[in-house]
Each structure stands twice: as C-alpha cells, then as structure tokens.
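Undergrad: Would you mind keeping the following structure in view while I ask a few things?
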Amino acid sequence: MDTNTAKLKKNAFRVTKERGLTASRVRVPGGHLEAKYLGVLQNIAETYGNGTVHITSRQGFEIPGIPFDKMDEVNAALQSIIEGLEINQEAENEGYPAAGTRNITACIGNRVCPYACYDTTVLAKRIEKAVFPNDLHFKIALTGCPNDCGKVRMHDFGIMGMTEPQLDPNRCVSCGACVKKCEKKSVGALTMQNYRPIRDAQKCIGCGECVINCPNRAWTRSEQKYYRLTLLGRTGKKNPRMGEDFIKWADEESIIKIILNTYDYVKEYINPNAPGGKEHIGYIVDRTGFEEFKRWALKDVNLPEKAEVMSPLYWKGIKY
Amino acid sequence: MGFHVNESQFDAWLTEQQKTYDIYAPKCFAGGNTFSDVDCIRYGKVNSISKIVFDQKSEYSFKEVLTPISQTLFFFTEEQCKEADPPKKGAIIFLRSCDLHALKRLDDMYLHNGPADYYYKRIRDNIKIVLIGCKHSFESCFCVSMGTNISENYDMSINVADGVYELNCKDVTWNQFFLDLGASRHLVVPDQVHENKTVVKIPVNLTADVARSSMWEQYNKRCINCGRCNFVCPTCTCFTMQDLYYTENAKVGERRRVWASCMVDGFTDVAGGGSYRKKNGERMRFKVLHKVLDYKQRNGYHMCVGCGRCDDICPEYISFSHCVNKLGDAMKEVTK
C-alpha cells in the first residue's frame, strides 16, 4: 500500500492506529450547523466508516474506520457540508483543505445564551473566511461573555464578548439589583451614590450583569460591540499556560487585522527546523520578545478610542 | 366622526399636534432589551406614525408618561426651594383598551383618593388619548376576563388596516383638521377583542383567608423579588421619596419621587429595623390579593386590568393569571 501521508493530512484525514484505515475530520467553524448535515455525517459513517462518529474537542466531527481508497468518495460526500458551512475550499469535491490553523471554536453565543454579548458563530465564520486555509499552527476561540465558557484563554487568540453598560438615570428605581449582582457575580464595579449606581470604568469587565438584572431598562447595552482579546494561551507538553489580556474594549476589525498580522510575524520568525513546520506562537514570542510581536501585531490597526492595550505581557504556567 | 387616512395625512396631523403636545406611543428601542441584539418595545416620543409599534404589546406601560419613573418635585438650597417645572407641552398618548381602563385606576389613586395629587394632576390635565384598536389578543392578555376589552372615553381611536388608518375621532378640532385635509369619511368602530386565550376566574367567595393557603409558599423559591411585575404594571402606583444633596455642593439638592415595588427588598422596612413581608411568597400574596381582592373592596372594581405584562416580563416564568386561577382551590383549602 502506497499513500502520501502528508497529502492525506493536508486533506483533513488522519493516520490512525489501524493500518490502512483513516478518519475524516469535519470542521464546523463556530460550532453551529444546520441539523440536516448530521444526516450527511451519518451516511458517511455508515457507508464508509465503522458506523461511529466522534465529537471532537474543537467542535468538529471525526468519522473513523474509513479505508484509504474511499477518501475520494468521502470527499465528494462531504461537499454539501463544505458548501453549507461556507468553508474556503481550493477545489470542488476534494474535501476540506486541512491546515495547521485549527477550527475556530465558539460557545453558543447570543443566538441562545442570555449572557452572550454577540453572535459568536457569525464572528467565528468571519474570521474563518479571513484566515483559512493556512498551514501555520494557530488556535482561535470565541466566547460570548467574560464567563468564558469557550475557555478561550487556552488559545493563541481568545475573543471574549463585552458590552459597555449605558445608564439612563431617569429609569433607575434605586432597587440595587445591579450593584448586588456586580458584587456577587462579577467584579464589584458598581457603587450607589445618591440612590443611583456609579460605574467604575476601570474595574468594569463588560459582562452585562447590570443590564441583565436591571428590572426597568435603566441599564442597557452599548450599540457598539466590544471584545477582550487574550493572547497566547496554550496546552501542550513543555509549558502550558493561560492567555493574558492584550486588549480590552477592542473591535472586530482590529482583532481580525491583528490575527492576520500575526501570520506575517510567524512566517518571519518561526523556527525553520520546527517539527512539521509547526511551532506554538508563544514560543516564538518568547524568542523575539513581546515588543517585537506587538510591533508586528498592531501594524496598521486602528483601535477604537476606548481600547486599552496592555503592555508588556508576561505569561506564567507550568514549565517542564 | 370616522375617517380613513393614509400615512402622510396622519403624519400631517401629528406634525400639527406636536406644536402643543408631545406624542407618546409604543416604539422600538433597537437593541434596548436585556439580552443582546433584542429590541425593546416601550413608550417613547414619536414624530411619525411609522415609528409606532402596533403589532406588539409594549413591555412597559404608558404610565411612565403620567407618573414618571423618577420625578423631581422641587429643588432646595439653603433657605429657598423651587418647584420643578411641569412638562412644557401636553401629551397625546396612544394606548390600548386595557391601558385606558388602567388610567381610571391611576386617576382614582391620584385624584380621588384623598386630596388630588398636584404633580399628577398638572400632567393629567393636559393629556389626550388615542385608543389603539386591538384586532387580535396577544397570548397573555386576559382583558375580557377583567372587563377591560372595550373603551369609550377616548379622544380618537385608531385601527391599523392595510395601508390605511381608520380613525374614530371625538375631538371637534381634530375632526375639522381631518376634514380640511380631505380625509375620506367612513363609519369606524375601534377594533375590539371578545375572547382571550388566557381566561382568568376570580372566585366570588374570595376573602383574605386565602392568605393562609399553602399556595404562596412555592413563590418563596421561585420568585427572585426583582419587581419587574410591578414596574410593567399599568396600575401599580407606589413610589418612594428620595432627598439627595448634590455631591459637588451639599447645600443644594432635590426631592424626587421614584417608583417603588412591593416585591423588592426594603418596601416594608420600618424604623427600628422591622420588615413586614420578608418572604417572596408573602410579597406575591400581597400583590396578587391587592390586584384582585382588597382594591375592589375599597373601590368597587378590580385593580388588575388583564394586560398580561407581568406574565410576559417575569424572568422566572411566574404567571400572575395562573396564580389567580389557583385561588379557587386555595379557598377550598383554607375553608375546609
């Protein structure tokens, strides 16, 4: 049996423990899809695979037990999903262009969740369009609010929804619900003065608890959507670490530009001998220093006036 | 007189009225709701009929116009004080039949319950009412059960039909305005609903004994005492007083009255640290029985008008109408 494993991997298949059998890896950007595609997956699993499907940790599906010689047929069968999810594809019926850049994950977002500050899937898909396919090892995740159910701090780029609460003092009934909830569930950014809440803008993390708990629409959400961008969290063998805050009150445009700029930076500085041409961005930043990374990342980025850029950044984490 | 008018004719009337009135109607506050990307329908000033939301119920009622959420009564400094100015213009309020019945409750509370309330009266004396006809009942409405589905005491009514607004106008000068405009004359009766999906039965034998029922206990845990049910209610009138001294100069300040809620902590607090209704079930009991029992004993008719806003707003899915419908069984429980 002669198979080019590099080519197979770049086509979203995997070399598995069982000789001659592969698994098809189906990415779902933003983790939300029309239910009809589940039927397509079932059909592939039962026709070509072993009849099972694994739900991956990056919001995809992995269909195991597929013989190598069925890969072309599986790719053709995947076409409706690839089109439906608007995946950037190089050639029709040739399956997913797999890459070092991993599926962009998202919590369920404001399509369903009351806490979420934006539609996470829409933004995930927008970023997907801008960066895919790409061989470099990037992990990007989105979460709707600072609860961080998406665990975005374990990613190279963590995008966390924020809202800037707006107070209409004439609708405030001094019930104190916002102050209590901010104290108990969030960061305690509110205090009462003359029967009305005062917001400490420095402390506020934009979670929206005040808005959610206001019984009289005195607190509402800002028209503008904001994001916290966290940087260079990772799992892995050498030095797993949590992502650190980079920008508070960032906007979508800037975040996408920063991610694209980071691809340029990595191309410039990646270790040419990195195994498989993949190196966690964090190790590269450790080598070049944060300031050099920042210089590249913020090139031609026009942040909103409100944005706060943290600098310098230091990462902790376990070192082996 | 009855008229059929189009959008530009109606807006011509609105423009004319805005010389002397602010126009208040249910309108859409984009993204103005609790959850992100959700609009809020509530009362606000409008300058065109296209801004008025007719196909949804406003989450909050018209009462904000007559009893402002936060109303400064006067300003004080050292030896002097100055009464807060009244609104510069009168108000034309677009509302539905249930709300027009609620206006009677507000009037009885503020004008006929002892001496007339000065601050209420000075707004009330300058309002006009445009009744919005109801072609359909909304899911939580129970106006028919409360006898509030039909209203007569409006200055004008408006039905929304395909591309045309049907008006029944009782105001003489407004009639003349539409005649001068060349509006076509028709017989118009305000749209009314005669049945609701939600039906509420208040037991005829209901007495305060029902307070002893175990039915109230479930609300101790279910209710979060946020007060939304009171704030959206067109008949809740409770307020509290706030005297405050400006932070920049503590010799100057103001007295204002601000909506209060019998569900929210602090409502029954008294000097010496007492608090009469600590449990949420007790607060629910007090509110429900005020709406469908003791108010009637004083005034001869029920306070609740069946608009259903409290059902729609409750984040814990507690239904007032469902609660009222349990009162019959609760009476059996306490009288056996």
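Convention: chains lettered A, B, ... in structure tokens order; per-chain residue numbering from 1; ligands numbered from 1 as shown.
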Please return, as a PyMOL selection string, all residues of chain A lying within 10 Å of chain B when only C-alpha atoms are considered.
TA: chain A and resi 109-119+163+169-177+193-195+208-223+225
Undergrad: Could you write out that same residue set with N, CA and C atoms as a compact mmCIF listing (two decimals), in the first residue's frame?
TA:
# COMPACT_ATOMS: atom_id res chain seq x y z
N GLY A 109 -23.18 31.41 22.14
CA GLY A 109 -23.37 32.82 21.80
C GLY A 109 -24.80 33.31 21.95
N ASN A 110 -25.03 34.51 21.43
CA ASN A 110 -26.31 35.16 21.72
C ASN A 110 -27.48 34.68 20.87
N ARG A 111 -27.26 33.63 20.07
CA ARG A 111 -28.43 33.03 19.41
C ARG A 111 -29.30 32.36 20.46
N VAL A 112 -28.68 31.94 21.55
CA VAL A 112 -29.38 31.18 22.58
C VAL A 112 -29.12 31.72 23.99
N CYS A 113 -27.86 32.00 24.30
CA CYS A 113 -27.48 32.28 25.68
C CYS A 113 -27.80 33.72 26.09
N PRO A 114 -28.48 33.90 27.23
CA PRO A 114 -28.83 35.25 27.69
C PRO A 114 -27.61 36.10 28.07
N TYR A 115 -26.50 35.47 28.42
CA TYR A 115 -25.33 36.23 28.86
C TYR A 115 -24.48 36.74 27.69
N ALA A 116 -24.57 36.05 26.57
CA ALA A 116 -23.66 36.35 25.46
C ALA A 116 -23.88 37.76 24.93
N CYS A 117 -22.78 38.42 24.58
CA CYS A 117 -22.83 39.81 24.12
C CYS A 117 -22.84 39.92 22.59
N TYR A 118 -22.71 38.80 21.87
CA TYR A 118 -22.72 38.88 20.40
C TYR A 118 -22.94 37.49 19.82
N ASP A 119 -23.11 37.46 18.49
CA ASP A 119 -23.30 36.19 17.79
C ASP A 119 -21.93 35.60 17.50
N THR A 163 -19.90 44.21 26.70
CA THR A 163 -20.79 45.31 26.39
C THR A 163 -20.45 46.45 27.33
N PRO A 169 -30.32 57.39 33.85
CA PRO A 169 -30.62 57.59 35.28
C PRO A 169 -32.10 57.82 35.54
N ASN A 170 -32.81 58.34 34.56
CA ASN A 170 -34.24 58.59 34.77
C ASN A 170 -35.08 57.33 34.80
N ARG A 171 -34.51 56.19 34.42
CA ARG A 171 -35.25 54.93 34.53
C ARG A 171 -34.83 54.12 35.75
N CYS A 172 -33.89 54.65 36.52
CA CYS A 172 -33.39 53.90 37.69
C CYS A 172 -34.35 54.03 38.85
N VAL A 173 -34.70 52.89 39.47
CA VAL A 173 -35.61 52.90 40.63
C VAL A 173 -34.86 52.60 41.93
N SER A 174 -33.55 52.67 41.90
CA SER A 174 -32.73 52.51 43.11
C SER A 174 -32.92 51.15 43.79
N CYS A 175 -33.25 50.12 43.02
CA CYS A 175 -33.51 48.81 43.64
C CYS A 175 -32.23 48.13 44.07
N GLY A 176 -31.11 48.52 43.47
CA GLY A 176 -29.82 47.98 43.89
C GLY A 176 -29.47 46.63 43.30
N ALA A 177 -30.33 46.11 42.40
CA ALA A 177 -30.06 44.78 41.83
C ALA A 177 -28.72 44.75 41.09
N GLN A 193 -24.51 55.96 44.72
CA GLN A 193 -24.30 57.32 45.20
C GLN A 193 -25.56 58.12 44.91
N ASN A 194 -26.09 58.76 45.89
CA ASN A 194 -27.36 59.47 45.73
C ASN A 194 -28.43 58.58 45.08
N TYR A 195 -28.55 57.37 45.59
CA TYR A 195 -29.59 56.42 45.17
C TYR A 195 -29.40 55.83 43.77
N GLY A 208 -22.10 42.60 31.49
CA GLY A 208 -23.53 42.83 31.26
C GLY A 208 -24.44 42.36 32.38
N GLU A 209 -23.89 41.94 33.52
CA GLU A 209 -24.74 41.51 34.64
C GLU A 209 -25.69 42.63 35.07
N CYS A 210 -25.22 43.87 35.05
CA CYS A 210 -26.07 45.00 35.45
C CYS A 210 -27.26 45.14 34.51
N VAL A 211 -27.01 44.94 33.22
CA VAL A 211 -28.09 45.04 32.23
C VAL A 211 -29.08 43.89 32.43
N ILE A 212 -28.52 42.69 32.60
CA ILE A 212 -29.36 41.50 32.73
C ILE A 212 -30.26 41.60 33.96
N ASN A 213 -29.76 42.18 35.02
CA ASN A 213 -30.52 42.21 36.27
C ASN A 213 -31.32 43.48 36.50
N CYS A 214 -31.17 44.48 35.63
CA CYS A 214 -31.95 45.71 35.80
C CYS A 214 -33.41 45.43 35.46
N PRO A 215 -34.33 45.67 36.40
CA PRO A 215 -35.73 45.35 36.13
C PRO A 215 -36.44 46.40 35.29
N ASN A 216 -35.79 47.53 35.02
CA ASN A 216 -36.54 48.64 34.42
C ASN A 216 -35.87 49.26 33.21
N ARG A 217 -34.92 48.52 32.58
CA ARG A 217 -34.23 49.02 31.38
C ARG A 217 -33.51 50.35 31.65
N ALA A 218 -33.06 50.54 32.89
CA ALA A 218 -32.23 51.71 33.17
C ALA A 218 -30.83 51.44 32.61
N TRP A 219 -30.34 50.21 32.83
CA TRP A 219 -29.09 49.78 32.21
C TRP A 219 -29.42 49.09 30.89
N THR A 220 -28.79 49.52 29.82
CA THR A 220 -28.92 48.81 28.55
C THR A 220 -27.53 48.61 27.97
N ARG A 221 -27.47 47.85 26.88
CA ARG A 221 -26.18 47.53 26.27
C ARG A 221 -25.75 48.64 25.30
N SER A 222 -24.46 48.77 25.14
CA SER A 222 -23.95 49.74 24.16
C SER A 222 -24.30 49.25 22.75
N GLU A 223 -24.53 50.20 21.87
CA GLU A 223 -24.81 49.83 20.48
C GLU A 223 -23.57 49.14 19.88
N LYS A 225 -20.40 46.82 19.80
CA LYS A 225 -20.00 45.59 20.49
C LYS A 225 -18.49 45.64 20.72
Undergrad: Quick one: pick out all strand (DSSP E or B) residues within segment 126-265 of chain A from a backbone DSSP run and write them as an MDAnalysis selection string.
TA: chainID A and resid 140:143 157:162 166:167 190:193 196:199 219:220 226:231 234 241 244:250
Undergrad: Calculated over only C-alpha atoms, which of the candidates B:Ala183, B:Leu103, B:Leu66, B:Met1 has the smallest distance to Trp13 of chain B?
TA: B:Ala183
Undergrad: List as a list of chain:residue names the protein and nucleic acid residues near Glu244 of chain A, meaning an atom at most 7 Å away when only C-alpha atoms are counted, but skip any in the same chain fewer than 6 places from it.
TA: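 The residues that qualify are A:Thr230, A:Leu231, A:Trp315.
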Undergrad: Counting only C-alpha atoms, which of B:Arg283, B:Lys201, B:Lys135, B:Lys88 gets nearest to Ala161 of chain B?
TA: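 So, comparing all the options, the nearest one is B:Lys135.
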Undergrad: Could you name the residues that touch Leu260 of chain A at 12 Å or less, counting only C-alpha atoms, but leaving out those on the same chain fewer than 4 positions away, as a PDB file with N, CA and C atoms, in the first residue's frame?
TA:
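Saved result, selection.pdb, follows:
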ATOM      1  N   ILE A 127     -13.949  35.280  10.786  1.00  0.00           N
ATOM      2  CA  ILE A 127     -12.503  35.078  10.957  1.00  0.00           C
ATOM      3  C   ILE A 127     -12.048  33.910  10.083  1.00  0.00           C
ATOM      4  N   GLU A 128     -12.846  32.853  10.071  1.00  0.00           N
ATOM      5  CA  GLU A 128     -12.562  31.679   9.222  1.00  0.00           C
ATOM      6  C   GLU A 128     -12.309  32.116   7.776  1.00  0.00           C
ATOM      7  N   LYS A 129     -13.214  32.972   7.273  1.00  0.00           N
ATOM      8  CA  LYS A 129     -13.089  33.443   5.891  1.00  0.00           C
ATOM      9  C   LYS A 129     -11.754  34.172   5.674  1.00  0.00           C
ATOM     10  N   ALA A 130     -11.314  34.898   6.713  1.00  0.00           N
ATOM     11  CA  ALA A 130     -10.099  35.706   6.584  1.00  0.00           C
ATOM     12  C   ALA A 130      -8.822  34.885   6.690  1.00  0.00           C
ATOM     13  N   VAL A 131      -8.846  33.765   7.395  1.00  0.00           N
ATOM     14  CA  VAL A 131      -7.573  33.080   7.680  1.00  0.00           C
ATOM     15  C   VAL A 131      -7.419  31.700   7.043  1.00  0.00           C
ATOM     16  N   PHE A 132      -8.480  31.058   6.632  1.00  0.00           N
ATOM     17  CA  PHE A 132      -8.376  29.684   6.142  1.00  0.00           C
ATOM     18  C   PHE A 132      -8.209  29.615   4.633  1.00  0.00           C
ATOM     19  N   ASN A 134      -4.757  27.661   6.143  1.00  0.00           N
ATOM     20  CA  ASN A 134      -3.416  28.135   6.454  1.00  0.00           C
ATOM     21  C   ASN A 134      -2.651  27.047   7.198  1.00  0.00           C
ATOM     22  N   LEU A 136      -0.055  27.307   9.169  1.00  0.00           N
ATOM     23  CA  LEU A 136       0.557  27.627  10.466  1.00  0.00           C
ATOM     24  C   LEU A 136      -0.358  27.247  11.622  1.00  0.00           C
ATOM     25  N   PHE A 138      -2.263  27.867  14.404  1.00  0.00           N
ATOM     26  CA  PHE A 138      -2.963  28.929  15.139  1.00  0.00           C
ATOM     27  C   PHE A 138      -4.219  28.345  15.753  1.00  0.00           C
ATOM     28  N   ILE A 140      -7.718  29.666  17.553  1.00  0.00           N
ATOM     29  CA  ILE A 140      -8.549  30.843  17.804  1.00  0.00           C
ATOM     30  C   ILE A 140      -9.877  30.366  18.387  1.00  0.00           C
ATOM     31  N   PHE A 157      -5.437  33.024  20.326  1.00  0.00           N
ATOM     32  CA  PHE A 157      -6.268  34.222  20.353  1.00  0.00           C
ATOM     33  C   PHE A 157      -7.593  33.881  21.023  1.00  0.00           C
ATOM     34  N   GLU A 253     -12.885  44.495  13.642  1.00  0.00           N
ATOM     35  CA  GLU A 253     -11.924  44.782  12.568  1.00  0.00           C
ATOM     36  C   GLU A 253     -10.493  44.630  13.060  1.00  0.00           C
ATOM     37  N   SER A 254     -10.244  45.262  14.215  1.00  0.00           N
ATOM     38  CA  SER A 254      -8.873  45.251  14.745  1.00  0.00           C
ATOM     39  C   SER A 254      -8.427  43.834  15.068  1.00  0.00           C
ATOM     40  N   ILE A 255      -9.333  43.051  15.642  1.00  0.00           N
ATOM     41  CA  ILE A 255      -8.963  41.687  16.032  1.00  0.00           C
ATOM     42  C   ILE A 255      -8.576  40.865  14.798  1.00  0.00           C
ATOM     43  N   ILE A 256      -9.364  40.995  13.739  1.00  0.00           N
ATOM     44  CA  ILE A 256      -9.059  40.236  12.521  1.00  0.00           C
ATOM     45  C   ILE A 256      -7.711  40.680  11.943  1.00  0.00           C
ATOM     46  N   ASP A 264       1.890  36.982   9.501  1.00  0.00           N
ATOM     47  CA  ASP A 264       3.110  37.537   8.884  1.00  0.00           C
ATOM     48  C   ASP A 264       4.296  37.424   9.839  1.00  0.00           C
ATOM     49  N   TYR A 265       4.009  37.735  11.103  1.00  0.00           N
ATOM     50  CA  TYR A 265       5.065  37.694  12.126  1.00  0.00           C
ATOM     51  C   TYR A 265       5.616  36.275  12.265  1.00  0.00           C
ATOM     52  N   VAL A 266       4.699  35.297  12.300  1.00  0.00           N
ATOM     53  CA  VAL A 266       5.129  33.907  12.475  1.00  0.00           C
ATOM     54  C   VAL A 266       5.947  33.451  11.263  1.00  0.00           C
ATOM     55  N   LYS A 267       5.505  33.821  10.064  1.00  0.00           N
ATOM     56  CA  LYS A 267       6.264  33.453   8.854  1.00  0.00           C
ATOM     57  C   LYS A 267       7.698  33.988   8.935  1.00  0.00           C
ATOM     58  N   TRP A 296       4.610  43.994  15.216  1.00  0.00           N
ATOM     59  CA  TRP A 296       4.008  43.348  14.044  1.00  0.00           C
ATOM     60  C   TRP A 296       2.481  43.298  14.181  1.00  0.00           C
ATOM     61  N   ALA A 297       2.027  42.896  15.363  1.00  0.00           N
ATOM     62  CA  ALA A 297       0.589  42.630  15.544  1.00  0.00           C
ATOM     63  C   ALA A 297      -0.245  43.888  15.329  1.00  0.00           C
ATOM     64  N   LEU A 298       0.250  45.033  15.785  1.00  0.00           N
ATOM     65  CA  LEU A 298      -0.561  46.251  15.743  1.00  0.00           C
ATOM     66  C   LEU A 298      -0.321  47.092  14.477  1.00  0.00           C
ATOM     67  N   LYS A 299       0.417  46.523  13.530  1.00  0.00           N
ATOM     68  CA  LYS A 299       0.704  47.269  12.299  1.00  0.00           C
ATOM     69  C   LYS A 299      -0.601  47.600  11.560  1.00  0.00           C
ATOM     70  N   ASP A 300      -0.808  48.889  11.283  1.00  0.00           N
ATOM     71  CA  ASP A 300      -1.996  49.378  10.555  1.00  0.00           C
ATOM     72  C   ASP A 300      -3.323  49.037  11.238  1.00  0.00           C
ATOM     73  N   VAL A 301      -3.272  48.809  12.535  1.00  0.00           N
ATOM     74  CA  VAL A 301      -4.513  48.529  13.286  1.00  0.00           C
ATOM     75  C   VAL A 301      -5.026  49.847  13.873  1.00  0.00           C
TER      76      VAL A 301
END
Undergrad: Give the answer as one residue: which of A:Ile281, A:Gln42, A:Leu232, A:Ala274 has the shortest atom-to-atom distance to Tyr314 of chain A, using only C-alpha atoms?
TA: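 The shortest atom-to-atom distance to Tyr314 of chain A comes from A:Leu232.
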Undergrad: Pick out the residues sitting within 8 Å of Ile202 of chain B, and hand them over as a compact mmCIF listing (two decimals) with C-alpha atoms, in the first residue's frame; count only C-alpha atoms, and ignore anything fewer than 3 positions along from it in its own chain.
TA:
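Once everything was written out, this is part_39.txt:
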# COMPACT_ATOMS: atom_id res chain seq x y z
CA LEU B 206 -62.53 35.08 47.71
CA VAL B 292 -57.92 41.04 42.74
CA VAL B 324 -55.15 33.94 40.24
CA ASN B 325 -56.68 30.81 38.75
CA LEU B 327 -57.19 30.99 44.22
CA GLY B 328 -60.36 28.85 43.96
Undergrad: Distance atom CA of Ser151 of chain B-atom CA of Ile129 of chain B, one decimal place?
TA: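 Separation between atom CA of Ser151 of chain B and atom CA of Ile129 of chain B: 11.2 Å.
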Undergrad: One number please: atom CA of Tyr276 of chain B to atom CA of Pro115 of chain B, in Å, one decimal.
TA: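 Separation of atom CA of Tyr276 of chain B and atom CA of Pro115 of chain B: 27.7 Å.
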Undergrad: Running DSSP on the backbone, which parts of segment 5-82 of chain A land in helix (DSSP H, G or I), as a PyMOL selection string?
TA: chain A and resi 5-9+29-31+36-47+68-82
Undergrad: Could you pull the residues within 9 Å of segment 216-219 of chain B, counting only C-alpha atoms, minus those fewer than 4 positions along the same chain, as an MDAnalysis selection string?
TA: chainID B and resid 211:212 223:224 279:285 318
Undergrad: Counting only C-alpha atoms, which residue out of B:Ser213, B:Gln192, B:Thr207, B:Ser140 sits closest to Ser319 of chain B?
TA: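 Counting only C-alpha atoms, the residue closest to Ser319 of chain B is B:Ser140.
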